[in-house]
Every structure is written in structure tokens, then in C-alpha cells.
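The structure file query05.cif is reproduced below (mmCIF, C-alpha atoms and all ligand atoms).
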```cif
data_entry
#
loop_
_atom_site.label_atom_id
_atom_site.label_comp_id
_atom_site.auth_asym_id
_atom_site.auth_seq_id
_atom_site.Cartn_x
_atom_site.Cartn_y
_atom_site.Cartn_z
CA MET A 1 -27.16 32.52 7.83
CA LEU A 2 -24.33 30.00 7.84
CA SER A 3 -21.72 32.42 9.06
CA PRO A 4 -18.97 33.26 9.56
CA VAL A 5 -17.21 31.61 6.64
CA PRO A 6 -13.64 31.96 5.40
CA VAL A 7 -12.98 34.62 2.79
CA VAL A 8 -10.26 33.83 0.27
CA LEU A 9 -8.46 35.27 -2.73
CA VAL A 10 -8.72 32.90 -5.66
CA SER A 11 -6.08 33.38 -8.34
CA CYS A 12 -6.57 32.03 -11.84
CA GLY A 13 -5.36 32.46 -15.41
CA GLY A 14 -1.74 33.26 -16.13
CA THR A 15 -1.71 31.50 -19.50
CA ALA A 16 -1.02 32.90 -22.97
CA GLU A 17 -4.77 33.29 -23.48
CA TRP A 18 -5.83 34.43 -20.00
CA GLN A 19 -4.07 37.15 -18.02
CA ALA A 20 -3.68 36.23 -14.35
CA ASN A 21 -6.62 37.40 -12.23
CA ILE A 22 -7.81 37.43 -8.63
CA ILE A 23 -11.38 37.08 -7.32
CA THR A 24 -12.56 37.35 -3.71
CA ILE A 25 -14.68 34.34 -2.76
CA ALA A 26 -16.68 33.63 0.37
CA TRP A 27 -18.57 30.58 -0.93
CA VAL A 28 -15.66 28.19 -0.38
CA GLY A 29 -15.55 24.96 1.57
CA SER A 30 -13.81 21.66 2.22
CA VAL A 31 -15.81 18.85 0.65
CA CYS A 32 -13.70 15.67 0.74
CA SER A 33 -10.70 14.39 2.72
CA ASP A 34 -9.43 11.66 0.37
CA PRO A 35 -8.87 12.71 -2.35
CA PRO A 36 -8.57 16.16 -0.78
CA MET A 37 -11.19 18.35 -2.44
CA LEU A 38 -12.72 21.78 -1.96
CA SER A 39 -15.36 23.79 -3.73
CA ILE A 40 -15.81 27.40 -4.75
CA SER A 41 -19.06 28.86 -6.07
CA VAL A 42 -18.74 31.56 -8.71
CA ARG A 43 -21.37 33.57 -10.58
CA ALA A 44 -21.26 33.04 -14.36
CA GLU A 45 -20.94 36.80 -14.98
CA ARG A 46 -17.56 37.00 -13.17
CA HIS A 47 -14.49 37.26 -15.38
CA SER A 48 -12.87 34.59 -13.20
CA TYR A 49 -15.71 32.18 -14.05
CA GLU A 50 -14.72 32.26 -17.73
CA ILE A 51 -11.06 31.76 -16.85
CA ILE A 52 -11.62 28.84 -14.48
CA LYS A 53 -14.10 27.19 -16.85
CA ALA A 54 -11.57 27.43 -19.69
CA THR A 55 -8.41 26.46 -17.78
CA GLY A 56 -9.82 24.07 -15.14
CA GLU A 57 -7.39 25.40 -12.53
CA PHE A 58 -7.23 27.91 -9.70
CA VAL A 59 -5.44 28.60 -6.42
CA VAL A 60 -7.21 29.33 -3.12
CA ASN A 61 -4.98 31.86 -1.33
CA VAL A 62 -5.92 32.32 2.34
CA PRO A 63 -5.34 35.95 3.37
CA SER A 64 -4.35 37.28 6.78
CA GLN A 65 -5.83 40.38 8.41
CA GLU A 66 -3.27 42.82 6.94
CA LEU A 67 -4.76 41.90 3.55
CA THR A 68 -8.38 42.67 4.47
CA LYS A 69 -8.57 45.88 2.41
CA ILE A 70 -7.04 44.23 -0.65
CA THR A 71 -9.35 41.24 -0.17
CA ASP A 72 -12.36 43.55 -0.24
CA TRP A 73 -10.99 45.48 -3.23
CA CYS A 74 -10.43 42.33 -5.30
CA GLY A 75 -14.14 41.67 -4.80
CA MET A 76 -15.15 45.15 -5.99
CA VAL A 77 -13.41 45.39 -9.36
CA SER A 78 -13.31 43.08 -12.35
CA GLY A 79 -10.29 41.65 -14.07
CA ARG A 80 -12.01 42.57 -17.33
CA LYS A 81 -11.09 46.20 -16.61
CA VAL A 82 -8.22 46.07 -14.12
CA ASP A 83 -4.99 44.09 -13.79
CA LYS A 84 -5.56 43.19 -10.13
CA PHE A 85 -2.04 41.87 -9.52
CA LYS A 86 -0.53 45.10 -10.84
CA GLU A 87 -2.96 47.50 -9.14
CA SER A 88 -3.01 45.76 -5.74
CA GLY A 89 0.75 45.24 -5.54
CA LEU A 90 0.19 41.55 -4.74
CA THR A 91 3.05 39.37 -5.97
CA PRO A 92 2.40 36.42 -8.27
CA GLY A 93 4.53 33.39 -7.42
CA ALA A 94 5.11 30.00 -9.00
CA ALA A 95 2.65 27.26 -8.12
CA LEU A 96 3.91 23.71 -7.65
CA LYS A 97 1.35 21.86 -9.76
CA VAL A 98 -0.92 24.29 -11.62
CA GLY A 99 -0.34 26.89 -14.32
CA CYS A 100 -1.86 29.87 -12.50
CA PRO A 101 0.13 31.93 -9.99
CA ILE A 102 -0.12 31.83 -6.21
CA ILE A 103 -0.34 35.10 -4.23
CA GLN A 104 2.91 35.28 -2.30
CA GLU A 105 1.62 37.60 0.45
CA CYS A 106 -1.00 35.00 1.51
CA PRO A 107 0.36 32.57 4.12
CA ILE A 108 -1.48 29.56 2.66
CA ASN A 109 -1.87 28.68 -1.03
CA ILE A 110 -4.00 25.70 -2.07
CA GLU A 111 -3.60 24.62 -5.69
CA CYS A 112 -6.67 23.08 -7.30
CA GLN A 113 -7.76 21.30 -10.47
CA VAL A 114 -11.47 21.25 -11.31
CA ARG A 115 -13.04 17.78 -11.29
CA GLN A 116 -16.75 18.67 -11.47
CA THR A 117 -18.75 21.75 -12.43
CA LEU A 118 -22.26 22.07 -11.02
CA ALA A 119 -24.56 24.82 -12.32
CA LEU A 120 -26.69 25.38 -9.21
CA GLY A 121 -28.55 28.61 -9.96
CA THR A 122 -27.04 32.03 -9.28
CA HIS A 123 -23.68 30.32 -8.71
CA THR A 124 -21.77 27.53 -10.40
CA MET A 125 -19.86 25.29 -8.03
CA PHE A 126 -16.40 24.17 -9.08
CA VAL A 127 -15.53 21.01 -7.17
CA ALA A 128 -11.77 20.69 -7.33
CA GLU A 129 -9.02 18.37 -6.18
CA VAL A 130 -6.20 19.86 -4.12
CA VAL A 131 -3.02 18.98 -5.99
CA GLY A 132 -0.53 21.14 -4.12
CA VAL A 133 -0.25 23.22 -0.95
CA GLN A 134 2.29 25.86 0.05
CA VAL A 135 2.48 27.33 3.55
CA THR A 136 4.73 30.13 4.74
CA ALA A 137 7.61 28.82 6.91
CA ALA A 138 6.66 31.31 9.66
CA LEU A 139 3.55 29.21 10.42
CA ILE A 140 5.40 25.93 10.94
CA ASP A 141 6.65 25.45 14.52
CA THR A 142 9.81 23.60 15.61
CA LYS A 143 7.85 20.31 15.76
CA GLY A 144 6.68 20.74 12.15
CA LYS A 145 3.13 21.58 13.24
CA LEU A 146 1.04 24.11 11.31
CA ARG A 147 0.19 27.00 13.67
CA LEU A 148 -3.01 28.33 12.10
CA ASP A 149 -3.68 30.18 15.36
CA GLN A 150 -0.77 32.47 14.46
CA ALA A 151 -1.94 33.15 10.90
CA GLY A 152 -4.26 36.06 11.83
CA LEU A 153 -6.97 34.82 9.47
CA ILE A 154 -10.13 36.70 8.52
CA ALA A 155 -13.70 35.42 8.83
CA TYR A 156 -16.58 36.91 6.83
CA GLY A 157 -20.19 37.02 7.99
CA LEU A 158 -23.31 39.03 7.21
CA GLY A 159 -21.37 41.60 5.20
CA HIS A 160 -18.55 42.15 7.69
CA TYR A 161 -14.95 41.00 8.14
CA PHE A 162 -13.96 39.64 11.57
CA PRO A 163 -10.58 38.69 13.09
CA LEU A 164 -10.33 35.11 14.31
CA GLY A 165 -9.74 34.91 18.06
CA PRO A 166 -7.61 32.47 20.08
CA ALA A 167 -8.46 28.75 20.06
CA ILE A 168 -11.07 27.61 22.61
CA ASP A 169 -9.84 24.01 22.71
CA HIS A 170 -8.90 21.22 20.29
CA PHE A 171 -10.77 18.56 18.28
CA GLY A 172 -12.12 15.83 20.61
CA PHE A 173 -11.55 17.77 23.83
CA SER A 174 -15.11 16.98 24.94
CA ILE A 175 -14.26 13.30 25.42
CA ARG A 176 -10.62 13.74 26.47
CA LYS A 177 -9.70 11.41 29.31
CA ARG A 178 -8.11 13.28 32.17
CA LYS A 179 -5.26 11.72 34.15
CA PRO A 180 -6.90 9.99 37.14
CA LYS A 181 -6.20 11.58 40.52
CA PRO A 182 -4.20 9.27 42.82
CA ARG A 183 -6.66 7.31 44.99
CA PRO A 184 -6.23 7.31 48.77
CA GLY A 185 -5.45 3.56 48.71
CA LYS A 186 -2.29 4.21 46.73
CA LEU A 187 -0.86 6.13 49.64
CA ALA A 188 -1.64 3.31 52.14
CA ASN A 189 2.00 2.36 52.64
CA ARG A 190 3.00 5.83 53.65
CA PRO A 191 3.44 6.26 57.39
CA ARG A 192 0.36 8.10 58.65
CA ARG A 193 0.47 10.82 61.17
CA SER A 194 -1.44 9.99 64.29
CA ARG A 195 -4.36 12.26 64.98
CA LYS A 196 -3.39 12.35 68.61
CA THR A 197 0.10 13.64 68.01
CA GLY A 198 -1.08 15.95 65.22
C1 LIG A 201 -16.28 39.41 0.73
C2 LIG A 201 -16.65 39.04 -0.69
C3 LIG A 201 -17.05 37.76 -0.98
C4 LIG A 201 -17.40 37.39 -2.30
N1 LIG A 201 -17.75 36.12 -2.57
C5 LIG A 201 -18.09 35.76 -3.84
C6 LIG A 201 -18.40 34.40 -4.13
O1 LIG A 201 -18.37 33.52 -3.27
N2 LIG A 201 -18.73 34.10 -5.40
C7 LIG A 201 -18.77 35.05 -6.42
O2 LIG A 201 -19.08 34.72 -7.58
N3 LIG A 201 -18.44 36.34 -6.16
C8 LIG A 201 -18.10 36.71 -4.90
N4 LIG A 201 -17.76 38.00 -4.63
C9 LIG A 201 -17.80 39.01 -5.71
C10 LIG A 201 -16.57 38.96 -6.62
O3 LIG A 201 -15.38 38.88 -5.87
C11 LIG A 201 -16.55 40.25 -7.48
O4 LIG A 201 -17.69 40.31 -8.29
C12 LIG A 201 -15.28 40.40 -8.29
O5 LIG A 201 -15.17 41.75 -8.69
C13 LIG A 201 -15.26 39.51 -9.52
O6 LIG A 201 -14.01 39.70 -10.15
P1 LIG A 201 -13.72 39.17 -11.64
O7 LIG A 201 -14.79 39.77 -12.54
O8 LIG A 201 -12.34 39.73 -11.92
O9 LIG A 201 -13.76 37.70 -11.62
C14 LIG A 201 -17.38 38.37 -3.33
C15 LIG A 201 -16.96 39.69 -3.03
C16 LIG A 201 -16.60 40.02 -1.72
C17 LIG A 201 -16.14 41.41 -1.42
#
```

Starting from the coordinates I provided, produce the structure as C-alpha cells.
Amino acid sequence: MLSPVPVVLVSCGGTAEWQANIITIAWVGSVCSDPPMLSISVRAERHSYEIIKATGEFVVNVPSQELTKITDWCGMVSGRKVDKFKESGLTPGAALKVGCPIIQECPINIECQVRQTLALGTHTMFVAEVVGVQVTAALIDTKGKLRLDQAGLIAYGLGHYFPLGPAIDHFGFSIRKRKPKPRPGKLANRPRRSRKTG
């Protein structure tokens, strides 16, 4: 019932032993600011589970809405049977710090190295440190600020994909101090109109 959540394309593999693969993941979350860490939870029967367990690396690629169909598809077929990069037409690109490829069509690519593996039950949680981030230049404004509002990201909840809408307000807006209105006393030196003369 914790929804919506982000839905991401996790790329992994790309070594001599493991062909590059992509898995759609909804159980993903930020878990630590310093060092920057995130987690993904993967079922042991997934092909990607074997790859990530063996290599200790993966990339969280954040898709935009044009990639919704491909995002769903990558969660329907297994890399054991299908070369998902080849069949989807997604382009593997060089990561900065890890051996597996990024997905170039995704505007945000977060490169991760596994630090802890927690077998929780149906899913195993990989807790990983973020060692590199790439963001498409189109999302950086002239002041160098990341414009996530323009990324057209997808949310996933209760079996459906949703577009993200415009921002409501920003972090801390509830306690933002407004500029005080000028008090009447401040205008005391101004010549006042006489009521009589209007
Ligand atoms: C929207 C969506 C979210 C998913 N989230 C997860 C998830 O968080 N963890 C998981 O193990 N599988 C998840 N899956 C299922 C896998 O993506 C799916 O079983 C995939 O085919 C596994 O690919 P692989 O065998 O190549 O690793 C999700 C699928 C979809 C469509």
C-alpha cells in the first residue's frame, strides 16, 4: 500500500561471464545520504539476481514516460531467454565507475556497488553505494540546477503506471518566512492627505 513508488530499469552484467541484462524494479529506495546509498529488492529466481550477486554491481536507470512500454516489457521477459538490450533497442553506454552498462535513453543513471545483501524472504535486498551518477544535459538548467520536473518520470502504484504531475511546492515551504508587509508606521513621514480636502 506504500504507493506510488518509482519504477526503474536496472542494468547489470556486461562482463566476459555475464551478458548485459536489464530488469524492471519497483522495490527501489534511497536509504542513506552519506555515503549515498540506495537499495533494490530482487527475487532470487530472477536472472538479474544471479548476475548482481556474482558481480556486486548494477546501474539504476530512471526512465521517462516515453519508455513506459519498454519498462513494462523488461519486467515481462527474462534475460535467460532474451537479449533485452538487443530486442528493446535500448543503447548500452559506458558507466563511469562500474563494469556494467548504463541505458543511454534514460535521463538519469545511478551507478552502484553492493555493500550488503539481506535475504528478507521473497526478495533479497541489495544495499548499494552510489559511486557515480550521469544525468542528461537537457535536464540541467542555466544555473546548473537539476530540473527533475522536466524529466517526465513515471510512478508505479497498485499495478499501474502514472505520469508525475507538476510540483506542488518545494522542501520546507510549510515554514517559509514570507517577506513582511510594510507596516503603517514606516510610511509616517509621507505627507498625508487631509480627509477634509480628500
Ligand atoms: C513494474 C514492475 C516492477 C517490478 N519490480 C520488481 C522488483 O522490485 N523486484 C523483482 O525481483 N522483480 C520485479 N519485477 C519483475 C521482474 O522485472 C521480471 O521478473 C523480469 O522479467 C526479470 O528479468 P530477469 O530474469 O532478466 O532478471 C517487476 C516487474 C514489473 C513489470

Task: Residue among A:Ile175, A:Ala155, A:Val60, A:Leu164 lying closest to Ser30 of chain A, counting only C-alpha atoms - done: A:Val60

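Restricting the calculation to all atoms listed in the file, the smallest distance between Thr117 of chain A and any of A:Val133, A:Ala44, A:Leu153, A:Cys100 is found for A:Ala44.
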
Using only C-alpha atoms and all ligand atoms, tabulate the residues of chain A lying at most 7 Å from any atom of ligand LIG 201 (chain A), each with its closest atom pair and that distance in Å to one decimal, by chain and increasing residue number, as a Markdown table.
```
| residue | atom | partner | partner_atom | distance |
| --- | --- | --- | --- | --- |
| A:Val7 | CA | A:LIG201 | C1 | 6.2 |
| A:Asn21 | CA | A:LIG201 | O8 | 6.2 |
| A:Ile22 | CA | A:LIG201 | O8 | 6.1 |
| A:Ile23 | CA | A:LIG201 | O3 | 4.6 |
| A:Thr24 | CA | A:LIG201 | O3 | 3.9 |
| A:Ile25 | CA | A:LIG201 | N1 | 3.6 |
| A:Ala26 | CA | A:LIG201 | N1 | 4.0 |
| A:Trp27 | CA | A:LIG201 | O1 | 3.8 |
| A:Val28 | CA | A:LIG201 | O1 | 6.6 |
| A:Ile40 | CA | A:LIG201 | O1 | 6.8 |
| A:Ser41 | CA | A:LIG201 | N2 | 5.3 |
| A:Val42 | CA | A:LIG201 | O2 | 3.4 |
| A:Arg43 | CA | A:LIG201 | O2 | 3.9 |
| A:Arg46 | CA | A:LIG201 | O7 | 4.0 |
| A:His47 | CA | A:LIG201 | O7 | 3.8 |
| A:Ser48 | CA | A:LIG201 | O9 | 3.6 |
| A:Tyr49 | CA | A:LIG201 | O9 | 6.3 |
| A:Thr71 | CA | A:LIG201 | C17 | 6.9 |
| A:Asp72 | CA | A:LIG201 | C17 | 4.5 |
| A:Trp73 | CA | A:LIG201 | C17 | 6.8 |
| A:Cys74 | CA | A:LIG201 | O5 | 5.9 |
| A:Gly75 | CA | A:LIG201 | O3 | 3.2 |
| A:Met76 | CA | A:LIG201 | O5 | 4.3 |
| A:Val77 | CA | A:LIG201 | O5 | 4.1 |
| A:Ser78 | CA | A:LIG201 | O8 | 3.5 |
| A:Gly79 | CA | A:LIG201 | O8 | 3.5 |
| A:Arg80 | CA | A:LIG201 | O8 | 6.1 |
| A:His123 | CA | A:LIG201 | O2 | 6.5 |
| A:Tyr156 | CA | A:LIG201 | C1 | 6.6 |
```

Open item on the list: So the first atom is atom CA of Gln113 of chain A and the second is atom CA of Glu129 of chain A; what is the distance between them in Å, to one decimal place?
Closed with: 5.3 Å

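Relative to atom CA of Gly14 of chain A, atom CA of Lys53 of chain A is found at 13.8 Å.
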
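Proximity of A:Met125, A:Gln19, A:Gly144, A:Leu9 to Lys86 of chain A, computed with only C-alpha atoms, is greatest for A:Gln19.
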
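All protein, DNA and RNA residues at most 8 Å from (-2.3, 25.3, -6.0) are Phe58, Val59, Val60, Ala95, Leu96, Lys97, Val98, Cys100, Ile102, Asn109, Ile110, Glu111, Cys112, Val130, Val131, Gly132, Val133 and Gln134 of chain A, using all atoms listed in the file.
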
Task: Separation of atom CA of Ile108 of chain A from atom CA of Ala151 of chain A, in Å and rounded to one decimal - done: 9.0 Å

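Proximity to Val31 of chain A was assessed for A:Val127, A:Met1, A:Ala137, A:Pro101 counting only C-alpha atoms; the smallest distance is recorded for A:Val127.
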
Using the file's own x, y and z axes, what box holds all listed atoms of segment 100-107 of chain A with 3 Å on each side, keeping edges along x, y and z, and what are its centre and edge lengths in Å to one decimal, as AutoDock Vina command-line options?
```
--center_x 0.5 --center_y 33.7 --center_z -4.2 --size_x 10.8 --size_y 13.7 --size_z 22.6
```

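Distance check against Ala138 of chain A using all atoms listed in the file: of A:Glu66, A:Thr15, A:Arg176, A:Cys106, the minimum falls on A:Cys106.
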
Would you mind completing segment 22-48 of chain A to N, CA and C atoms and writing the output as a PDB file, in the frame of the given file?
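Result file is selection-v1.pdb:
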```pdb
ATOM      1  N   ILE A  22      -7.508  37.759 -10.036  1.00  0.00           N
ATOM      2  CA  ILE A  22      -7.810  37.430  -8.630  1.00  0.00           C
ATOM      3  C   ILE A  22      -9.282  37.741  -8.389  1.00  0.00           C
ATOM      4  N   ILE A  23      -9.991  36.832  -7.720  1.00  0.00           N
ATOM      5  CA  ILE A  23     -11.380  37.080  -7.320  1.00  0.00           C
ATOM      6  C   ILE A  23     -11.542  36.757  -5.833  1.00  0.00           C
ATOM      7  N   THR A  24     -12.249  37.612  -5.121  1.00  0.00           N
ATOM      8  CA  THR A  24     -12.560  37.350  -3.710  1.00  0.00           C
ATOM      9  C   THR A  24     -13.755  36.404  -3.661  1.00  0.00           C
ATOM     10  N   ILE A  25     -13.629  35.366  -2.845  1.00  0.00           N
ATOM     11  CA  ILE A  25     -14.680  34.340  -2.760  1.00  0.00           C
ATOM     12  C   ILE A  25     -14.984  34.017  -1.292  1.00  0.00           C
ATOM     13  N   ALA A  26     -16.266  34.050  -0.970  1.00  0.00           N
ATOM     14  CA  ALA A  26     -16.680  33.630   0.370  1.00  0.00           C
ATOM     15  C   ALA A  26     -17.365  32.248   0.330  1.00  0.00           C
ATOM     16  N   TRP A  27     -17.909  31.887  -0.835  1.00  0.00           N
ATOM     17  CA  TRP A  27     -18.570  30.580  -0.930  1.00  0.00           C
ATOM     18  C   TRP A  27     -17.502  29.520  -1.262  1.00  0.00           C
ATOM     19  N   VAL A  28     -16.763  29.148  -0.235  1.00  0.00           N
ATOM     20  CA  VAL A  28     -15.660  28.190  -0.380  1.00  0.00           C
ATOM     21  C   VAL A  28     -15.774  27.188   0.762  1.00  0.00           C
ATOM     22  N   GLY A  29     -15.457  25.932   0.481  1.00  0.00           N
ATOM     23  CA  GLY A  29     -15.550  24.960   1.570  1.00  0.00           C
ATOM     24  C   GLY A  29     -14.801  23.675   1.273  1.00  0.00           C
ATOM     25  N   SER A  30     -14.413  22.985   2.351  1.00  0.00           N
ATOM     26  CA  SER A  30     -13.810  21.660   2.220  1.00  0.00           C
ATOM     27  C   SER A  30     -14.937  20.677   1.935  1.00  0.00           C
ATOM     28  N   VAL A  31     -14.727  19.778   0.963  1.00  0.00           N
ATOM     29  CA  VAL A  31     -15.810  18.850   0.650  1.00  0.00           C
ATOM     30  C   VAL A  31     -15.402  17.376   0.669  1.00  0.00           C
ATOM     31  N   CYS A  32     -14.121  17.076   0.699  1.00  0.00           N
ATOM     32  CA  CYS A  32     -13.700  15.670   0.740  1.00  0.00           C
ATOM     33  C   CYS A  32     -12.277  15.583   1.300  1.00  0.00           C
ATOM     34  N   SER A  33     -12.032  14.543   2.119  1.00  0.00           N
ATOM     35  CA  SER A  33     -10.700  14.390   2.720  1.00  0.00           C
ATOM     36  C   SER A  33      -9.754  13.591   1.813  1.00  0.00           C
ATOM     37  N   ASP A  34     -10.290  12.516   1.180  1.00  0.00           N
ATOM     38  CA  ASP A  34      -9.430  11.660   0.370  1.00  0.00           C
ATOM     39  C   ASP A  34     -10.183  11.201  -0.880  1.00  0.00           C
ATOM     40  N   PRO A  35      -9.902  11.718  -2.073  1.00  0.00           N
ATOM     41  CA  PRO A  35      -8.870  12.710  -2.350  1.00  0.00           C
ATOM     42  C   PRO A  35      -9.252  14.063  -1.739  1.00  0.00           C
ATOM     43  N   PRO A  36      -8.236  14.861  -1.361  1.00  0.00           N
ATOM     44  CA  PRO A  36      -8.570  16.160  -0.780  1.00  0.00           C
ATOM     45  C   PRO A  36      -9.248  17.052  -1.819  1.00  0.00           C
ATOM     46  N   MET A  37     -10.443  17.530  -1.484  1.00  0.00           N
ATOM     47  CA  MET A  37     -11.190  18.350  -2.440  1.00  0.00           C
ATOM     48  C   MET A  37     -11.840  19.533  -1.735  1.00  0.00           C
ATOM     49  N   LEU A  38     -11.976  20.620  -2.469  1.00  0.00           N
ATOM     50  CA  LEU A  38     -12.720  21.780  -1.960  1.00  0.00           C
ATOM     51  C   LEU A  38     -13.616  22.294  -3.079  1.00  0.00           C
ATOM     52  N   SER A  39     -14.503  23.202  -2.710  1.00  0.00           N
ATOM     53  CA  SER A  39     -15.360  23.790  -3.730  1.00  0.00           C
ATOM     54  C   SER A  39     -15.352  25.302  -3.620  1.00  0.00           C
ATOM     55  N   ILE A  40     -15.536  25.962  -4.758  1.00  0.00           N
ATOM     56  CA  ILE A  40     -15.810  27.400  -4.750  1.00  0.00           C
ATOM     57  C   ILE A  40     -17.051  27.601  -5.625  1.00  0.00           C
ATOM     58  N   SER A  41     -17.874  28.566  -5.258  1.00  0.00           N
ATOM     59  CA  SER A  41     -19.060  28.860  -6.070  1.00  0.00           C
ATOM     60  C   SER A  41     -18.914  30.257  -6.662  1.00  0.00           C
ATOM     61  N   VAL A  42     -19.038  30.321  -7.980  1.00  0.00           N
ATOM     62  CA  VAL A  42     -18.740  31.560  -8.710  1.00  0.00           C
ATOM     63  C   VAL A  42     -19.916  31.884  -9.636  1.00  0.00           C
ATOM     64  N   ARG A  43     -20.305  33.146  -9.666  1.00  0.00           N
ATOM     65  CA  ARG A  43     -21.370  33.570 -10.580  1.00  0.00           C
ATOM     66  C   ARG A  43     -20.838  33.563 -12.011  1.00  0.00           C
ATOM     67  N   ALA A  44     -21.691  33.163 -12.953  1.00  0.00           N
ATOM     68  CA  ALA A  44     -21.260  33.040 -14.360  1.00  0.00           C
ATOM     69  C   ALA A  44     -20.818  34.379 -14.950  1.00  0.00           C
ATOM     70  N   GLU A  45     -21.322  35.491 -14.395  1.00  0.00           N
ATOM     71  CA  GLU A  45     -20.940  36.800 -14.980  1.00  0.00           C
ATOM     72  C   GLU A  45     -19.545  37.255 -14.562  1.00  0.00           C
ATOM     73  N   ARG A  46     -18.918  36.602 -13.594  1.00  0.00           N
ATOM     74  CA  ARG A  46     -17.560  37.000 -13.170  1.00  0.00           C
ATOM     75  C   ARG A  46     -16.553  36.665 -14.276  1.00  0.00           C
ATOM     76  N   HIS A  47     -15.565  37.534 -14.425  1.00  0.00           N
ATOM     77  CA  HIS A  47     -14.490  37.260 -15.380  1.00  0.00           C
ATOM     78  C   HIS A  47     -13.767  35.960 -14.980  1.00  0.00           C
ATOM     79  N   SER A  48     -13.590  35.784 -13.691  1.00  0.00           N
ATOM     80  CA  SER A  48     -12.870  34.590 -13.200  1.00  0.00           C
ATOM     81  C   SER A  48     -13.606  33.295 -13.569  1.00  0.00           C
TER      82      SER A  48
END
```
